[in-house]
Amino acid sequence: LRISFRAYGGMVQAVRGVSFDLHRGETLAIVGESGSGKSQSIRAIMGILANNAVIEEGEILYDGMDLTKVKEEDFHQIRGKRIGLIFQDPLSALNPIMKIGQQITEVLHLHNKMTKEEARNRALELMRAVGIPDVERRIEQYPFEFSGGMRQRIVIAIALAANPDILICDEPTTAL
C-alpha cells in the first residue's frame, strides 16, 4: 500500500509500500517510529483518509472485497460493525455535546438493531467491562466530565459495542 498527500509543494509520501496479512484469531502489532505511516494505514483500512490523501498503489483486501474501492455510502456496513477502531485520541473521537450513553447506544442501535432498553443495558455492561465505576450515573455524563483515561475506556467500549470481526487499536493505551 502506498499513500501520499497532495500538498502545496507537490505530493508527500506518507505510506511507502506497507504490506501485511491478518487472519482470523490472530493478533498483529505494527510498530514504527512517529510519522512512519501507522495511523494513515489504519485510516486507509477504515476508509477515513483525509480529502487530500491519494492511495497511489495497492489494495486492502477484507472478506473478498478491496476496501480501497468501496464507496463511502457502502462503508457504513463495514465500519464499526465488521471493523472497529479505537482511536489514539479519545477527546477528538467523542462528540463533546452528546452524553456518553448516547454515543455507545448509537452504535448498538445502528448495527445491532436493539431496543432502547436493550441498548442501554448493553452500554452499562460495556462500561463495566472497561472499568468505568458508577456506570448508572456516568452513562448520563458528557465526555468533559471524564478523565483522559476514562474517555479512552469509553472509546474502547464504543469500539467493542458492535462486536466487530477486526478490532484496530491506534495506541489504545495512550491515555490510560
# chains A, B, ... in the order shown; residues from 1 in each chain; ligands from 1
$ residues_around --residues "Glu57 in chain A" --least-positions-apart "5" --cutoff "8 Å" --atoms "only C-alpha atoms" --output "PyMOL selection string"
chain A and resi 1-3
$ write_last_selection --atoms "N, CA and C atoms" --output "PDB file, in the first residue's frame"
ATOM      1  N   LEU A   1       0.851  -1.176   0.000  1.00  0.00           N
ATOM      2  CA  LEU A   1       0.000   0.000   0.000  1.00  0.00           C
ATOM      3  C   LEU A   1       0.889   1.229   0.000  1.00  0.00           C
ATOM      4  N   ARG A   2       0.559   2.167  -0.871  1.00  0.00           N
ATOM      5  CA  ARG A   2       1.280   3.441  -0.935  1.00  0.00           C
ATOM      6  C   ARG A   2       0.256   4.570  -0.859  1.00  0.00           C
ATOM      7  N   ILE A   3       0.464   5.464   0.095  1.00  0.00           N
ATOM      8  CA  ILE A   3      -0.443   6.596   0.300  1.00  0.00           C
ATOM      9  C   ILE A   3       0.380   7.878   0.292  1.00  0.00           C
TER      10      ILE A   3
END
$ residues_around --residues "Ser39 in chain A" --least-positions-apart "3" --cutoff "7 Å" --atoms "only C-alpha atoms" --output "list in words"
Ile42, Arg43 and Asp170 of chain A
$ closest_residue --among "A:Ala7, A:Val15, A:Ala159, A:Met46" --to "Ile86 in chain A" --atoms "only C-alpha atoms"
A:Ala159
$ closest_residue --among "A:Gln88, A:Ala93, A:Ser4, A:Leu167" --to "Asn51 in chain A" --atoms "only C-alpha atoms"
A:Ser4
$ residues_around --residues "Ala161 in chain A" --least-positions-apart "6" --cutoff "8 Å" --atoms "only C-alpha atoms" --output "CSV table (one decimal) with C-alpha atoms, in the first residue's frame"
chain,number,residue,atom,x,y,z
A,104,ILE,CA,-22.4,3.9,23.0
A,107,VAL,CA,-23.6,2.0,17.8
A,108,LEU,CA,-25.9,-0.6,19.3
A,123,ALA,CA,-23.9,0.0,27.2
A,126,LEU,CA,-19.7,-2.5,28.3
$ residues_around --residues "Val130 in chain A" --least-positions-apart "2" --cutoff "9 Å" --atoms "only C-alpha atoms" --output "JSON, numbers by chain"
{"A": [125, 126, 127, 128, 132, 150, 153, 154, 156, 157]}
$ write_last_selection --atoms "N, CA and C atoms" --output "tab-separated table (two decimals), in the first residue's frame"
chain	number	residue	atom	x	y	z
A	125	GLU	N	-23.24	-2.57	30.57
A	125	GLU	CA	-22.39	-3.77	30.64
A	125	GLU	C	-21.00	-3.48	30.06
A	126	LEU	N	-20.96	-2.82	28.91
A	126	LEU	CA	-19.68	-2.47	28.27
A	126	LEU	C	-18.88	-1.51	29.14
A	127	MET	N	-19.57	-0.53	29.73
A	127	MET	CA	-18.88	0.42	30.60
A	127	MET	C	-18.26	-0.29	31.80
A	128	ARG	N	-18.99	-1.22	32.38
A	128	ARG	CA	-18.44	-2.01	33.50
A	128	ARG	C	-17.23	-2.82	33.03
A	132	ILE	N	-15.26	1.34	34.08
A	132	ILE	CA	-15.86	2.62	34.47
A	132	ILE	C	-16.65	2.38	35.75
A	150	MET	N	-10.44	7.68	31.43
A	150	MET	CA	-11.83	7.21	31.39
A	150	MET	C	-12.45	7.44	30.02
A	153	ARG	N	-11.37	4.65	27.90
A	153	ARG	CA	-12.15	3.45	28.18
A	153	ARG	C	-13.52	3.50	27.47
A	154	ILE	N	-14.09	4.69	27.39
A	154	ILE	CA	-15.37	4.85	26.70
A	154	ILE	C	-15.18	4.56	25.20
A	156	ILE	N	-13.02	2.62	23.90
A	156	ILE	CA	-12.85	1.17	23.80
A	156	ILE	C	-14.22	0.49	23.85
A	157	ALA	N	-15.08	0.93	24.77
A	157	ALA	CA	-16.43	0.36	24.87
A	157	ALA	C	-17.21	0.56	23.58
$ select_by_dssp --residues "range 79-148 of chain A" --states "helix (DSSP H, G or I)" --output "number ranges by chain"
A: 90-93, 100-112, 116-129, 135-138, 143-145, 148
$ write_last_selection --atoms "N, CA and C atoms" --output "tab-separated table (two decimals), in the first residue's frame"
chain	number	residue	atom	x	y	z
A	90	PRO	N	-8.84	10.01	22.45
A	90	PRO	CA	-10.26	9.85	22.80
A	90	PRO	C	-11.04	11.16	22.81
A	91	LEU	N	-10.39	12.27	23.08
A	91	LEU	CA	-11.10	13.54	23.13
A	91	LEU	C	-11.66	13.91	21.76
A	92	SER	N	-10.88	13.70	20.71
A	92	SER	CA	-11.37	14.03	19.38
A	92	SER	C	-12.28	12.94	18.82
A	93	ALA	N	-12.25	11.74	19.40
A	93	ALA	CA	-13.09	10.64	18.92
A	93	ALA	C	-14.52	10.71	19.48
A	100	ILE	N	-22.29	10.29	27.02
A	100	ILE	CA	-21.56	9.05	26.77
A	100	ILE	C	-22.51	7.90	26.45
A	101	GLY	N	-23.57	7.77	27.21
A	101	GLY	CA	-24.53	6.70	26.98
A	101	GLY	C	-25.11	6.74	25.58
A	102	GLN	N	-25.42	7.94	25.09
A	102	GLN	CA	-25.96	8.09	23.73
A	102	GLN	C	-24.94	7.63	22.70
A	103	GLN	N	-23.66	7.92	22.95
A	103	GLN	CA	-22.63	7.57	21.98
A	103	GLN	C	-22.43	6.06	21.89
A	104	ILE	N	-22.57	5.38	23.01
A	104	ILE	CA	-22.44	3.92	23.00
A	104	ILE	C	-23.70	3.28	22.41
A	105	THR	N	-24.87	3.75	22.85
A	105	THR	CA	-26.11	3.13	22.38
A	105	THR	C	-26.36	3.41	20.90
A	106	GLU	N	-25.85	4.49	20.38
A	106	GLU	CA	-25.99	4.80	18.95
A	106	GLU	C	-25.41	3.67	18.10
A	107	VAL	N	-24.26	3.16	18.50
A	107	VAL	CA	-23.62	2.05	17.79
A	107	VAL	C	-24.50	0.80	17.88
A	108	LEU	N	-25.06	0.56	19.03
A	108	LEU	CA	-25.90	-0.62	19.25
A	108	LEU	C	-27.20	-0.54	18.44
A	109	HIS	N	-27.79	0.63	18.37
A	109	HIS	CA	-29.00	0.83	17.56
A	109	HIS	C	-28.69	0.64	16.08
A	110	LEU	N	-27.59	1.24	15.64
A	110	LEU	CA	-27.23	1.24	14.23
A	110	LEU	C	-26.87	-0.16	13.71
A	111	HIS	N	-26.04	-0.87	14.48
A	111	HIS	CA	-25.52	-2.15	13.98
A	111	HIS	C	-26.24	-3.38	14.52
A	112	ASN	N	-26.80	-3.30	15.70
A	112	ASN	CA	-27.40	-4.49	16.32
A	112	ASN	C	-28.91	-4.43	16.39
A	116	LYS	N	-34.28	0.42	22.81
A	116	LYS	CA	-33.65	1.43	23.65
A	116	LYS	C	-33.18	0.82	24.98
A	117	GLU	N	-34.03	0.01	25.59
A	117	GLU	CA	-33.70	-0.61	26.88
A	117	GLU	C	-32.56	-1.61	26.74
A	118	GLU	N	-32.61	-2.44	25.69
A	118	GLU	CA	-31.54	-3.41	25.45
A	118	GLU	C	-30.20	-2.70	25.22
A	119	ALA	N	-30.24	-1.63	24.45
A	119	ALA	CA	-29.02	-0.88	24.15
A	119	ALA	C	-28.46	-0.24	25.41
A	120	ARG	N	-29.32	0.31	26.24
A	120	ARG	CA	-28.85	0.93	27.49
A	120	ARG	C	-28.22	-0.13	28.40
A	121	ASN	N	-28.87	-1.28	28.53
A	121	ASN	CA	-28.32	-2.35	29.37
A	121	ASN	C	-26.97	-2.84	28.85
A	122	ARG	N	-26.86	-2.97	27.53
A	122	ARG	CA	-25.59	-3.40	26.93
A	122	ARG	C	-24.52	-2.32	27.12
A	123	ALA	N	-24.90	-1.05	27.01
A	123	ALA	CA	-23.95	0.04	27.22
A	123	ALA	C	-23.42	0.02	28.65
A	124	LEU	N	-24.31	-0.20	29.61
A	124	LEU	CA	-23.89	-0.29	31.01
A	124	LEU	C	-22.92	-1.47	31.21
A	125	GLU	N	-23.24	-2.57	30.57
A	125	GLU	CA	-22.39	-3.77	30.64
A	125	GLU	C	-21.00	-3.48	30.06
A	126	LEU	N	-20.96	-2.82	28.91
A	126	LEU	CA	-19.68	-2.47	28.27
A	126	LEU	C	-18.88	-1.51	29.14
A	127	MET	N	-19.57	-0.53	29.73
A	127	MET	CA	-18.88	0.42	30.60
A	127	MET	C	-18.26	-0.29	31.80
A	128	ARG	N	-18.99	-1.22	32.38
A	128	ARG	CA	-18.44	-2.01	33.50
A	128	ARG	C	-17.23	-2.82	33.03
A	129	ALA	N	-17.35	-3.42	31.86
A	129	ALA	CA	-16.29	-4.29	31.33
A	129	ALA	C	-14.97	-3.54	31.12
A	135	VAL	N	-21.51	3.21	36.87
A	135	VAL	CA	-22.00	3.34	35.49
A	135	VAL	C	-23.40	3.93	35.38
A	136	GLU	N	-24.26	3.67	36.34
A	136	GLU	CA	-25.63	4.21	36.27
A	136	GLU	C	-25.63	5.73	36.24
A	137	ARG	N	-24.70	6.34	36.95
A	137	ARG	CA	-24.59	7.81	36.97
A	137	ARG	C	-23.76	8.30	35.79
A	138	ARG	N	-22.66	7.59	35.51
A	138	ARG	CA	-21.71	8.07	34.49
A	138	ARG	C	-22.27	7.98	33.07
A	143	PRO	N	-18.45	13.82	27.76
A	143	PRO	CA	-17.02	13.49	27.74
A	143	PRO	C	-16.15	14.38	28.62
A	144	PHE	N	-16.45	15.67	28.72
A	144	PHE	CA	-15.61	16.57	29.52
A	144	PHE	C	-15.65	16.22	31.01
A	145	GLU	N	-16.63	15.44	31.42
A	145	GLU	CA	-16.74	15.06	32.82
A	145	GLU	C	-15.92	13.82	33.16
A	148	GLY	N	-8.95	11.72	31.03
A	148	GLY	CA	-8.44	11.20	29.76
A	148	GLY	C	-8.47	9.68	29.70
$ select_by_dssp --residues "chain A" --states "strand (DSSP E)" --output "MDAnalysis selection string"
chainID A and resid 2:7 10:16 53:57 61:62 65:66 83:86 166:169
$ write_last_selection --atoms "N, CA and C atoms" --output "PDB file, in the first residue's frame"
ATOM      1  N   ARG A   2       0.559   2.167  -0.871  1.00  0.00           N
ATOM      2  CA  ARG A   2       1.280   3.441  -0.935  1.00  0.00           C
ATOM      3  C   ARG A   2       0.256   4.570  -0.859  1.00  0.00           C
ATOM      4  N   ILE A   3       0.464   5.464   0.095  1.00  0.00           N
ATOM      5  CA  ILE A   3      -0.443   6.596   0.300  1.00  0.00           C
ATOM      6  C   ILE A   3       0.380   7.878   0.292  1.00  0.00           C
ATOM      7  N   SER A   4      -0.096   8.852  -0.454  1.00  0.00           N
ATOM      8  CA  SER A   4       0.534  10.178  -0.481  1.00  0.00           C
ATOM      9  C   SER A   4      -0.534  11.225  -0.234  1.00  0.00           C
ATOM     10  N   PHE A   5      -0.055  12.434   0.047  1.00  0.00           N
ATOM     11  CA  PHE A   5      -0.951  13.568   0.261  1.00  0.00           C
ATOM     12  C   PHE A   5      -0.601  14.680  -0.708  1.00  0.00           C
ATOM     13  N   ARG A   6      -1.661  15.261  -1.289  1.00  0.00           N
ATOM     14  CA  ARG A   6      -1.462  16.435  -2.130  1.00  0.00           C
ATOM     15  C   ARG A   6      -1.156  17.612  -1.209  1.00  0.00           C
ATOM     16  N   ALA A   7      -0.041  18.254  -1.434  1.00  0.00           N
ATOM     17  CA  ALA A   7       0.353  19.415  -0.634  1.00  0.00           C
ATOM     18  C   ALA A   7       0.730  20.553  -1.579  1.00  0.00           C
ATOM     19  N   GLY A  10       3.586  19.807  -3.827  1.00  0.00           N
ATOM     20  CA  GLY A  10       3.531  18.558  -4.593  1.00  0.00           C
ATOM     21  C   GLY A  10       3.048  17.415  -3.716  1.00  0.00           C
ATOM     22  N   MET A  11       3.324  16.206  -4.117  1.00  0.00           N
ATOM     23  CA  MET A  11       2.884  15.017  -3.383  1.00  0.00           C
ATOM     24  C   MET A  11       3.879  14.687  -2.264  1.00  0.00           C
ATOM     25  N   VAL A  12       3.333  14.361  -1.099  1.00  0.00           N
ATOM     26  CA  VAL A  12       4.147  13.963   0.048  1.00  0.00           C
ATOM     27  C   VAL A  12       3.795  12.518   0.392  1.00  0.00           C
ATOM     28  N   GLN A  13       4.797  11.653   0.372  1.00  0.00           N
ATOM     29  CA  GLN A  13       4.573  10.242   0.662  1.00  0.00           C
ATOM     30  C   GLN A  13       4.388  10.032   2.166  1.00  0.00           C
ATOM     31  N   ALA A  14       3.338   9.298   2.511  1.00  0.00           N
ATOM     32  CA  ALA A  14       3.074   9.000   3.924  1.00  0.00           C
ATOM     33  C   ALA A  14       3.267   7.522   4.230  1.00  0.00           C
ATOM     34  N   VAL A  15       2.828   6.673   3.317  1.00  0.00           N
ATOM     35  CA  VAL A  15       2.975   5.222   3.472  1.00  0.00           C
ATOM     36  C   VAL A  15       3.674   4.726   2.227  1.00  0.00           C
ATOM     37  N   ARG A  16       4.784   4.054   2.429  1.00  0.00           N
ATOM     38  CA  ARG A  16       5.634   3.667   1.290  1.00  0.00           C
ATOM     39  C   ARG A  16       5.770   2.153   1.181  1.00  0.00           C
ATOM     40  N   ALA A  53      -5.672  12.976   0.581  1.00  0.00           N
ATOM     41  CA  ALA A  53      -4.918  11.722   0.521  1.00  0.00           C
ATOM     42  C   ALA A  53      -5.219  10.992  -0.780  1.00  0.00           C
ATOM     43  N   VAL A  54      -4.204  10.314  -1.290  1.00  0.00           N
ATOM     44  CA  VAL A  54      -4.336   9.533  -2.511  1.00  0.00           C
ATOM     45  C   VAL A  54      -3.709   8.159  -2.270  1.00  0.00           C
ATOM     46  N   ILE A  55      -4.493   7.112  -2.511  1.00  0.00           N
ATOM     47  CA  ILE A  55      -3.917   5.769  -2.490  1.00  0.00           C
ATOM     48  C   ILE A  55      -3.325   5.563  -3.868  1.00  0.00           C
ATOM     49  N   GLU A  56      -2.016   5.644  -3.927  1.00  0.00           N
ATOM     50  CA  GLU A  56      -1.335   5.597  -5.221  1.00  0.00           C
ATOM     51  C   GLU A  56      -1.157   4.174  -5.739  1.00  0.00           C
ATOM     52  N   GLU A  57      -1.129   3.229  -4.831  1.00  0.00           N
ATOM     53  CA  GLU A  57      -0.889   1.852  -5.251  1.00  0.00           C
ATOM     54  C   GLU A  57      -1.339   0.925  -4.123  1.00  0.00           C
ATOM     55  N   LEU A  61      -7.521  -5.848   1.166  1.00  0.00           N
ATOM     56  CA  LEU A  61      -8.474  -6.936   0.973  1.00  0.00           C
ATOM     57  C   LEU A  61      -9.050  -7.394   2.309  1.00  0.00           C
ATOM     58  N   TYR A  62     -10.374  -7.431   2.352  1.00  0.00           N
ATOM     59  CA  TYR A  62     -11.085  -7.907   3.537  1.00  0.00           C
ATOM     60  C   TYR A  62     -12.317  -8.669   3.084  1.00  0.00           C
ATOM     61  N   MET A  65     -13.358  -8.360  -0.480  1.00  0.00           N
ATOM     62  CA  MET A  65     -13.553  -7.002  -1.012  1.00  0.00           C
ATOM     63  C   MET A  65     -12.240  -6.231  -0.971  1.00  0.00           C
ATOM     64  N   ASP A  66     -12.046  -5.357  -1.936  1.00  0.00           N
ATOM     65  CA  ASP A  66     -10.946  -4.401  -1.891  1.00  0.00           C
ATOM     66  C   ASP A  66     -11.515  -3.123  -1.287  1.00  0.00           C
ATOM     67  N   ILE A  83     -15.364  -3.951  11.160  1.00  0.00           N
ATOM     68  CA  ILE A  83     -14.029  -3.499  11.537  1.00  0.00           C
ATOM     69  C   ILE A  83     -14.194  -2.336  12.501  1.00  0.00           C
ATOM     70  N   GLY A  84     -13.763  -2.533  13.731  1.00  0.00           N
ATOM     71  CA  GLY A  84     -13.861  -1.495  14.749  1.00  0.00           C
ATOM     72  C   GLY A  84     -12.527  -0.795  14.928  1.00  0.00           C
ATOM     73  N   LEU A  85     -12.572   0.423  15.436  1.00  0.00           N
ATOM     74  CA  LEU A  85     -11.359   1.221  15.623  1.00  0.00           C
ATOM     75  C   LEU A  85     -11.385   1.923  16.972  1.00  0.00           C
ATOM     76  N   ILE A  86     -10.294   1.771  17.693  1.00  0.00           N
ATOM     77  CA  ILE A  86     -10.078   2.545  18.910  1.00  0.00           C
ATOM     78  C   ILE A  86      -9.075   3.628  18.535  1.00  0.00           C
ATOM     79  N   ILE A 166     -12.802  -7.517  13.267  1.00  0.00           N
ATOM     80  CA  ILE A 166     -11.441  -6.993  13.438  1.00  0.00           C
ATOM     81  C   ILE A 166     -11.528  -5.762  14.324  1.00  0.00           C
ATOM     82  N   LEU A 167     -10.647  -5.685  15.303  1.00  0.00           N
ATOM     83  CA  LEU A 167     -10.566  -4.509  16.158  1.00  0.00           C
ATOM     84  C   LEU A 167      -9.183  -3.901  15.981  1.00  0.00           C
ATOM     85  N   ILE A 168      -9.151  -2.699  15.457  1.00  0.00           N
ATOM     86  CA  ILE A 168      -7.895  -1.982  15.230  1.00  0.00           C
ATOM     87  C   ILE A 168      -7.706  -1.001  16.379  1.00  0.00           C
ATOM     88  N   CYS A 169      -6.522  -1.030  16.946  1.00  0.00           N
ATOM     89  CA  CYS A 169      -6.206  -0.161  18.079  1.00  0.00           C
ATOM     90  C   CYS A 169      -5.047   0.749  17.710  1.00  0.00           C
TER      91      CYS A 169
END
$ closest_residue --among "A:Thr27, A:Val18, A:Ala162, A:Lys71" --to "Lys113 in chain A" --atoms "only C-alpha atoms"
A:Ala162
$ atom_distance --atom1 "CA of Met114 in chain A" --atom2 "CA of Glu72 in chain A"
24.4 Å
$ atom_distance --atom1 "CA of Leu94 in chain A" --atom2 "CA of Ala44 in chain A"
20.2 Å
$ atom_distance --atom1 "CA of Gly17 in chain A" --atom2 "CA of Glu171 in chain A"
21.5 Å
$ decode --residues "range 1-27 of chain A" --atoms "N, CA and C atoms" --output "mmCIF file, in the first residue's frame"
data_model
loop_
_atom_site.group_PDB
_atom_site.id
_atom_site.type_symbol
_atom_site.label_atom_id
_atom_site.label_comp_id
_atom_site.auth_asym_id
_atom_site.auth_seq_id
_atom_site.Cartn_x
_atom_site.Cartn_y
_atom_site.Cartn_z
ATOM 1 N N LEU A 1 0.851 -1.176 0.000
ATOM 2 C CA LEU A 1 0.000 0.000 0.000
ATOM 3 C C LEU A 1 0.889 1.229 0.000
ATOM 4 N N ARG A 2 0.559 2.167 -0.871
ATOM 5 C CA ARG A 2 1.280 3.441 -0.935
ATOM 6 C C ARG A 2 0.256 4.570 -0.859
ATOM 7 N N ILE A 3 0.464 5.464 0.095
ATOM 8 C CA ILE A 3 -0.443 6.596 0.300
ATOM 9 C C ILE A 3 0.380 7.878 0.292
ATOM 10 N N SER A 4 -0.096 8.852 -0.454
ATOM 11 C CA SER A 4 0.534 10.178 -0.481
ATOM 12 C C SER A 4 -0.534 11.225 -0.234
ATOM 13 N N PHE A 5 -0.055 12.434 0.047
ATOM 14 C CA PHE A 5 -0.951 13.568 0.261
ATOM 15 C C PHE A 5 -0.601 14.680 -0.708
ATOM 16 N N ARG A 6 -1.661 15.261 -1.289
ATOM 17 C CA ARG A 6 -1.462 16.435 -2.130
ATOM 18 C C ARG A 6 -1.156 17.612 -1.209
ATOM 19 N N ALA A 7 -0.041 18.254 -1.434
ATOM 20 C CA ALA A 7 0.353 19.415 -0.634
ATOM 21 C C ALA A 7 0.730 20.553 -1.579
ATOM 22 N N TYR A 8 0.902 21.724 -1.027
ATOM 23 C CA TYR A 8 1.210 22.913 -1.816
ATOM 24 C C TYR A 8 2.426 22.685 -2.710
ATOM 25 N N GLY A 9 3.445 22.026 -2.183
ATOM 26 C CA GLY A 9 4.681 21.809 -2.941
ATOM 27 C C GLY A 9 4.695 20.539 -3.776
ATOM 28 N N GLY A 10 3.586 19.807 -3.827
ATOM 29 C CA GLY A 10 3.531 18.558 -4.593
ATOM 30 C C GLY A 10 3.048 17.415 -3.716
ATOM 31 N N MET A 11 3.324 16.206 -4.117
ATOM 32 C CA MET A 11 2.884 15.017 -3.383
ATOM 33 C C MET A 11 3.879 14.687 -2.264
ATOM 34 N N VAL A 12 3.333 14.361 -1.099
ATOM 35 C CA VAL A 12 4.147 13.963 0.048
ATOM 36 C C VAL A 12 3.795 12.518 0.392
ATOM 37 N N GLN A 13 4.797 11.653 0.372
ATOM 38 C CA GLN A 13 4.573 10.242 0.662
ATOM 39 C C GLN A 13 4.388 10.032 2.166
ATOM 40 N N ALA A 14 3.338 9.298 2.511
ATOM 41 C CA ALA A 14 3.074 9.000 3.924
ATOM 42 C C ALA A 14 3.267 7.522 4.230
ATOM 43 N N VAL A 15 2.828 6.673 3.317
ATOM 44 C CA VAL A 15 2.975 5.222 3.472
ATOM 45 C C VAL A 15 3.674 4.726 2.227
ATOM 46 N N ARG A 16 4.784 4.054 2.429
ATOM 47 C CA ARG A 16 5.634 3.667 1.290
ATOM 48 C C ARG A 16 5.770 2.153 1.181
ATOM 49 N N GLY A 17 4.713 1.506 0.772
ATOM 50 C CA GLY A 17 4.817 0.083 0.476
ATOM 51 C C GLY A 17 4.624 -0.844 1.663
ATOM 52 N N VAL A 18 3.696 -0.549 2.523
ATOM 53 C CA VAL A 18 3.426 -1.446 3.649
ATOM 54 C C VAL A 18 2.584 -2.623 3.159
ATOM 55 N N SER A 19 2.860 -3.795 3.714
ATOM 56 C CA SER A 19 2.114 -4.989 3.352
ATOM 57 C C SER A 19 2.073 -5.920 4.557
ATOM 58 N N PHE A 20 0.889 -6.433 4.860
ATOM 59 C CA PHE A 20 0.770 -7.411 5.944
ATOM 60 C C PHE A 20 -0.505 -8.213 5.753
ATOM 61 N N ASP A 21 -0.570 -9.332 6.429
ATOM 62 C CA ASP A 21 -1.747 -10.195 6.432
ATOM 63 C C ASP A 21 -2.209 -10.380 7.868
ATOM 64 N N LEU A 22 -3.511 -10.439 8.041
ATOM 65 C CA LEU A 22 -4.107 -10.725 9.343
ATOM 66 C C LEU A 22 -5.174 -11.778 9.115
ATOM 67 N N HIS A 23 -5.064 -12.882 9.837
ATOM 68 C CA HIS A 23 -6.012 -13.981 9.691
ATOM 69 C C HIS A 23 -6.850 -14.101 10.958
ATOM 70 N N ARG A 24 -8.044 -14.670 10.810
ATOM 71 C CA ARG A 24 -8.969 -14.839 11.926
ATOM 72 C C ARG A 24 -8.253 -15.470 13.122
ATOM 73 N N GLY A 25 -8.463 -14.864 14.290
ATOM 74 C CA GLY A 25 -7.876 -15.376 15.521
ATOM 75 C C GLY A 25 -6.476 -14.871 15.807
ATOM 76 N N GLU A 26 -5.884 -14.151 14.877
ATOM 77 C CA GLU A 26 -4.528 -13.647 15.066
ATOM 78 C C GLU A 26 -4.540 -12.246 15.677
ATOM 79 N N THR A 27 -3.425 -11.931 16.305
ATOM 80 C CA THR A 27 -3.158 -10.581 16.779
ATOM 81 C C THR A 27 -1.943 -10.085 16.011
#
